[in-house]
Every structure is written in structure tokens, then in C-alpha cells.
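This report refers to the structure that appears directly beneath it.
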Protein chains: 2
Amino acid sequence: MNTLATIDTPAAVISQRKLRHNILRMQEKADSLGVRLRPHVKTTKCAEVAALQRDAGATGITVSTLKEADQFFARGFTDILYAVGMAPHRLAHALELRQLGCALQILTDSIQGAQAIADFGREHRHVFEVLIEIDTDGHRSGIKPEDAALLPVGRVLHEAGMKLAGVLTHAGSSYEFNTPQALADLAEQERAGCVRAAERLRSAGLPCQVVSVGSTPTALEARSLEGVTELRAGVYVLFDLVMRNVGVCSGDELALSVLTTVIGHQEDKGWAIVDAGWMAMSRDRGTAKQQRDFGYGQVCTLDGQPIEGYLLTAANQEHGILSLSSGVSADIAERFPTGTRLRILPNHACATGAQFPEYQALSDDGSLQTWGRFHGW
Amino acid sequence: MNTLATIDTPAAVISQRKLRHNILRMQEKADSLGVRLRPHVKTTKCAEVAALQRDAGATGITVSTLKEADQFFARGFTDILYAVGMAPHRLAHALELRQLGCALQILTDSIQGAQAIADFGREHRHVFEVLIEIDTDGHRSGIKPEDAALLPVGRVLHEAGMKLAGVLTHAGSSYEFNTPQALADLAEQERAGCVRAAERLRSAGLPCQVVSVGSTPTALEARSLEGVTELRAGVYVLFDLVMRNVGVCSGDELALSVLTTVIGHQEDKGWAIVDAGWMAMSRDRGTAKQQRDFGYGQVCTLDGQPIEGYLLTAANQEHGILSLSSGVSADIAERFPTGTRLRILPNHACATGAQFPEYQALSDDGSLQTWGRFHGW
């Protein structure tokens, strides 16, 4: 039996117990708000994880690349929302997926983009299902709810015979807040803006069934989702130190950690050198600008208990430097002898997971299953 | 024929012309200093690139993981130095490689580590070839040249019948400098410290054939490598914006770029949204603390010419935000219409390459070859 004591390091370990808890927590939240949950599988790119989300009640999945759509479709997922603005050169790929039976929905936020979809759809006698991306917090893409461009985009699609499925927004700026009230306010802004865009389309005689919102922090702190039909969220499935700083999870809900081995020391500096560098942790330093900076990660014992004060304070490609975040630990080599196995909680689960070809899924009995994840485009 | 205009994006593009130029430049430098060159293949993890380095005169390769050793050995590379401190649990893997005919050299920097190698070697009646890691700049692992622990480490290995092959150092702090004189001084410190450690071992009657030093900046700025037998360097093969800031390459020598497509705009903010986010660029922000911050990368035209002032200023997982680094570009949508293809020069070639399962190797005639790279451990 493979265990945390026997497998090679570094390895990306998912606690199955915490994973299931997190899945249930978000599903219950969506249920209580009366909306469908469409998890964003870009976090794990792992069919086993998505299957657990589906089994818990999720309706369809959200993807960030057409490769994810290909891979999940091949694993039996047919209701797929591609939540990145459609590049014209990818329409042939989207068409191919739809012709194979994948209910792929696509996204646009401009007249130019809508026209490209309409032209390609008509040329190939195909009715694409399209959502319009709405910008409710100014952080990335989308049309503002009151923007004059909204109705023309809808009309271009509708009048060309495409299926104008609805509107979608993502309040990604939620990562910058850290109080329940600020997140609840942003969730309301996200909801209200997206519902307003839907109302404008409907008032103009255009169809708009789907009103899709979400980010992990706003999803968890939303108090009402009136007028919304579906919620999207990704990182909640694993959580991470950034989400802990945002305040939407406890330290005990972090389901992903990186298993590492101590390979040496610099005793005068209070350093233990471990075999998890930035190649394993990723270069994500998302906690650097939050109220608590965890360096490249929080050091935990092999059974997952945080060792207060010890962080991965620096990282080279295959070397991590483990030290006390304040001051020099005089007993570093005695405390963490060469060969010691530890687990590091990452800043950002999406980025850290992407460094690994697979997860090691840990059961309560200590056994591990290998769950693959997709890489590349 | 696949070209930059036809392949899907994002993609990691290597200019074969620049690659060959960079390989030749470092090989000539090593030749002129009278030392062997042992490239660090962790930068590309690509057999085609390593073969070009070998064909240009390199002697053996350096790796950062045993998976790299496995993969390169399977592709015909037999002279391999594993330049990360040996974890005891990996000795069985190293033994297996050596028994298959791989001339794998391993590394240690402690009595405990040396003892583990000696014990395992004796138990399996195998003579490992071992280098002692020397710390010449305080940035990571290794024994200081004058440290009392050096000779006992050598003796543990030698007296157990292991082959004490030599000493190795890596002045990784060279990335923090940016003048030829500072780099030349550090190169001399790296050389002198490693040679001194070798002399101490030899004076104690211990063998020490190999004196291995290097980092890309110190290698390129070293004025003498007297007493050194081999030079190691990695990122020179592609170069990147960090190396440009360090001052060891020109902008025209950067061989790696990320091909991307414009997928939308926020005109009022002067943003073009591209499909290269941090998943493509990596989260490496190595230029943030240098004299010139390139954000997530320098924007170039499809034929690789930098567009002055335009950077990837922010990144989400699959979205990059392209904007003028100073002020708002009023004509962003006219200048970069949806569908426009661009190339982004990355901060750190090792980190960006790792985000891709393969490289697209660009020939002078515009054709592309796919070169695989290894992922994971």
C-alpha cells in the first residue's frame, strides 16, 4: 500500500475527507440559496474530483480551456460552460465538441466577438449557445450592466439564430477582501449587476434564461441570490492560504498540501532545505499582499498539523528553504533531521496543483490513490 | 505546415536561431576558459535542446530531479550529474540508474548525508560517485570552503569505498547583481571557494578530480576559471527578462516567448485581454525586484519585435491583461483587435517552460517542430 511515508517526494496530496467536506459545504450553500452549482474544474483538472462534485449535486461544470472541455467530455461530462471569452480561431474546435454531443456553452463580451460567433454559426448551420459576459467589479473582462453595448451584442447573436442563453459574471476582485460584510456587499453587487443585465436583455425582447455568478468568496458570503440561476466557484474544493486570509475557510479545511522531504540544513541560519521548491509549490505568492504572509507555504507535520511559525520562506527550482518566520531556530537540524517528511500548505491551490501531473488522494486509513490531472492546452 | 499563425494558443515558442546562438555563446565561453561545459537541463527538460548542447561540445548534463535523469538516460544521455542534495530514500532509485549503465553522480553536503550514501553503497556492494556541495555565496545548500565538516564528509565517503569525485558549487546569488564587475567578482568568489575546498580535500589525502562551478551570470562574466574542471549553467540556453536585467544578455537573445491571442478589451482602461494568463506565463515575477519591472512579460509582435511600453501587466489563470505600462492607451482595440497574435517574453524561462507539455521550435522558414518536455517528478 502506498502511503505518505513511502511515496516519492514532492507530491501533491489531497485529503479526501476535507475534499468531501468542502464539496458538501458549497453544495449546501448553493441549495440553500436556491441555485444550481456549476463548479469550475480549472482548480483541479481532475475527473475524480469533478465526479465527486457531480455526485454531490452539481449541475454541469465550468472550464477555462477547450482542452479541459475535451478531457472532461471524454470522461462523461456533457454539460460544459467554457467561461473564457471565445477567440474566433477556437470556434471550429467548439463546433467539433458540440457536434460530438457536448452541450458546450461559450462566452463573448463584444459586438465583434458576437459577430464572429454568429458568422461562423451561420456558415456551418450551427446554433451555438452563448452567454454574454458581464463586468460587475471592473477586475477583468465583460460588459458593464448598464453599458449601451449590451443590447447590440444580444441582438447580433439572437438575430443570427444563435441561442442567447444568458449572462455570466465573476467578481474576481473578491480575493482582495477579508471581511464577511465586504464579501457580502460584493456578492450583492455581483448578483445585482448580473440580474440587471439579464433584465435589460429581457426588456428588449431578448431571451436570457441563465444568470450565472460566482467566485468562491462571494459564493460563500452571498446572503441572497434572487434572480440568479447558477453559481460558479472553483478553489473552494481544495481551499488554500489565500482563501484562509480572505476569511472564507478555516485552516482545517485546506485539502491540498505538498509532501516534501528534508534534504539538508544550514544550521547557522536556522534553515532546513526541503525538496519542494517553486517547481512544486508554484511561484504563487498570493499571501504576500494579504494581512498574513505565508511565504511559499505553511509547514505541517506528516499528519497535517501546522507547525506554528515555520514557513517555506524561500524557494529555488527544486529547493525550498524552511525556517522560522521570525528569528532563527537554533535546533533546526534536530527538529527536522534529513529524511523527515513534512506537508506544506500552498498559497494557491490552482497554481500548485498545476505543477503536478497527478494528485495523491489520501483516505482516512492512510492509503493513497493516484488521480490524474490534465496539463497544457 | 504549422506556423505561428495557425497553431492554437497559448504556446511556448523557441526560436531555433537564438537557441543555437546561445548554445554556441556559452560553449565558446567554456572553451575559452579551458573547462568542460555540463549544461543544466532543468531549464528546458527537453531532449532535443540537450542534444543540440551536446552536439556543440557539452560534456554530460546536469539534472535537478531523478525523473530528469531517467528521461534523459532513456534518450541516450549517460553522463548525468544530479545536482540536488541526495535524500536517503532516493538512493535505491540512483542505484537502479547506475546498474542500468547510467554514470550518475550524486551530491551531499553533510556527514549524515555522506554516511547514508556510504551505508547504502556498502550494503548493496555499490560504489557511488559522489560530489561534495560547497557553499560559496550563502544562498542555499553546501559546506563552506573552510568549514571543519568538509574533511569528515570526504573521509566518510572515501573510507567506505565510495568514489569521492570532487566538489561542486553554484553561486545562485548572481541573479541579484547587474554589473559585469559585481558578477566577475562573484564568479571569482565562486571559483576560489570551490578550488579552496578541493585543495583542502587533496591536502588531506582525499581524491578530488572534479571542481564544478557555475550559474549563467557567473559563467558568462568569469575572467578566469583556474583550478576548475567544469562549468554548469542552465537558463543561458533560452535567456529571459531576469537575465536581461542582470545584464548578461541582450533583448535579442531571448529565445523563448509565449504565443498568445487577443480575446477582448476593456477600452476605457486601455486593456487588451489575451489568452496567456499565469497558467501560461507562470507566476514568476522575478523582474519585480530588479531595476526594470516587466510585469508578467514584454509584449512583442508575431515576428518577435518588442512593442515598447506594452507589458502583460496582470494575469489571472487563463487571462492576461496587456496594457501600456505607463498611462492608458486610447487606441488599444484598434491597435490589438480581437484575434491578433502576439508573443510575450517571459520573466523566467525555467518557470514559464514548465507550464507547457511541449515547445514549438521555430525555424527560420517559419515552420514549427514540436519538442516534448518532461513534467512532474
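How things are named: the first chain in the C-alpha cells is A, the next is B, and so on; residues count from 1 in each chain; ligands count from 1 in the order shown.
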Contacts between chain B and chain A, please, where a residue of chain A counts if it comes within 7 Å (with only C-alpha atoms); show its shortest atom pair and distance in Å to one decimal, rows by chain and ascending number, as CSV.
```
residue,atom,partner,partner_atom,distance
A:Ser64,CA,B:Glu318,CA,6.6
A:Gly85,CA,B:Ile263,CA,6.1
A:Met86,CA,B:Ile263,CA,6.7
A:Ala87,CA,B:Ile263,CA,5.2
A:Pro88,CA,B:Gly339,CA,6.5
A:Ser141,CA,B:Gln266,CA,6.8
A:Ile263,CA,B:Ala87,CA,5.2
A:Gln266,CA,B:Ser141,CA,6.8
A:Arg283,CA,B:Arg283,CA,4.9
A:Asp284,CA,B:Arg283,CA,5.3
A:Glu318,CA,B:Ser64,CA,6.6
A:Gly339,CA,B:Ala87,CA,6.4
A:Gln355,CA,B:Gly376,CA,6.8
A:Phe356,CA,B:Gly376,CA,5.3
A:Pro357,CA,B:Gly376,CA,5.8
A:His375,CA,B:Pro357,CA,6.8
A:Gly376,CA,B:Phe356,CA,5.3
```
For this session: Would you kindly return, as an MDAnalysis selection string, each protein, DNA or RNA residue with an atom no farther than 9 Å from any atom of A:Asp303, considering only C-alpha atoms and excluding same-chain residues fewer than 3 positions away?
Result: chainID A and resid 4 300 342:343
For this session: as a PyMOL selection string, please: all residues of stretch 132-174 of chain A that backbone DSSP puts in alpha helix (DSSP H).
Result: chain A and resi 150-159
For this session: Among the residues of stretch 178-294 of chain A, find those DSSP assigns to strand (DSSP E or B) from the backbone and print them as a list in words.
Result: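 The residues of stretch 178-294 of chain A classed as strand (DSSP E or B) are Val210, Val211, Ser212, Val213, Glu230, Leu231, Leu256, Ser257, Val258, Leu259, Thr260, Thr261, Val262, Ile263, Gly264, His265, Gln266, Trp271, Ala272, Ile273 and Val274 of chain A.
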For this session: Write out as number ranges by chain the residues lying within 10 Å of B:Ile106, counting only C-alpha atoms and excluding same-chain residues fewer than 2 positions away.
Result: B: 80-86, 91, 94, 103-104, 108, 117, 128-133, 165
For this session: Return the single residue from B:Glu123, B:Glu68, B:Asp331, B:Glu176 that is closest to B:Gln291, with distances computed using only C-alpha atoms.
Result: B:Glu176
For this session: Write out as a list in words the residues lying within 6 Å of A:Ala58, counting only C-alpha atoms and excluding same-chain residues fewer than 5 positions away.
Result: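 Residues meeting the cut-off are Leu37, Arg38 and Gln53 of chain A.
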Go ahead and save the residues from that selection, with N, CA and C atoms, as a PDB file, in the first residue's frame.
```
ATOM      1  N   LEU A  37     -25.398  24.622  -8.849  1.00  0.00           N
ATOM      2  CA  LEU A  37     -23.950  24.819  -8.689  1.00  0.00           C
ATOM      3  C   LEU A  37     -23.246  24.223  -9.901  1.00  0.00           C
ATOM      4  N   ARG A  38     -22.406  25.044 -10.549  1.00  0.00           N
ATOM      5  CA  ARG A  38     -21.630  24.585 -11.697  1.00  0.00           C
ATOM      6  C   ARG A  38     -20.154  24.800 -11.350  1.00  0.00           C
ATOM      7  N   GLN A  53     -17.998  16.121  -7.189  1.00  0.00           N
ATOM      8  CA  GLN A  53     -18.817  17.332  -7.187  1.00  0.00           C
ATOM      9  C   GLN A  53     -20.178  17.046  -7.828  1.00  0.00           C
TER      10      GLN A  53
END
```
Exercise. Which one is closest to B:Ala118: B:Val210, B:Ala92, B:Val328, B:Val156? Count only C-alpha atoms.
Worked result: B:Val156
Exercise. Do you know which residues are at most 12 Å from A:Glu159 counting only C-alpha atoms, after dropping those on the same chain fewer than 4 positions away, and could you put them as a ChimeraX atom specification?
Worked result: /A:114-115,118-119,121-122,127,151-155,163-164,205-207
Write the residues you've just listed into a file as a compact mmCIF listing (two decimals), in the first residue's frame, and include C-alpha atoms for each of them.
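Contents of result34.txt, freshly written:
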```txt
# COMPACT_ATOMS: atom_id res chain seq x y z
CA ALA A 114 -20.67 38.08 -31.11
CA GLN A 115 -20.44 38.75 -34.85
CA ALA A 118 -22.85 34.47 -35.50
CA ASP A 119 -20.96 34.39 -38.80
CA GLY A 121 -22.53 29.56 -36.77
CA ARG A 122 -24.46 30.58 -39.87
CA VAL A 127 -26.74 27.13 -33.35
CA LEU A 151 -28.25 45.00 -26.22
CA PRO A 152 -26.45 45.10 -29.60
CA VAL A 153 -24.34 42.10 -28.55
CA GLY A 154 -27.50 40.24 -27.62
CA ARG A 155 -29.22 41.22 -30.85
CA LYS A 163 -29.17 30.66 -28.75
CA LEU A 164 -28.66 33.61 -26.43
CA GLY A 205 -37.32 41.17 -26.04
CA LEU A 206 -34.20 39.04 -25.98
CA PRO A 207 -34.04 35.64 -24.27
```
Problem set entry | Within 8 Å of A:Leu368 using only C-alpha atoms, minus same-chain residues under 4 positions, as a list in words | Met1, Asn2, Thr3, Leu4, Gln360, Ala361, Leu362 and Ser363 of chain A
Exercise. Near A:Ala198, counting only C-alpha atoms, which residues have an atom at most 10 Å away, once you skip same-chain residues fewer than 2 positions from it, shown as a ChimeraX atom specification?
Worked result: /A:132,134,145,150,166-168,192-196,200-204,206-211,227-228
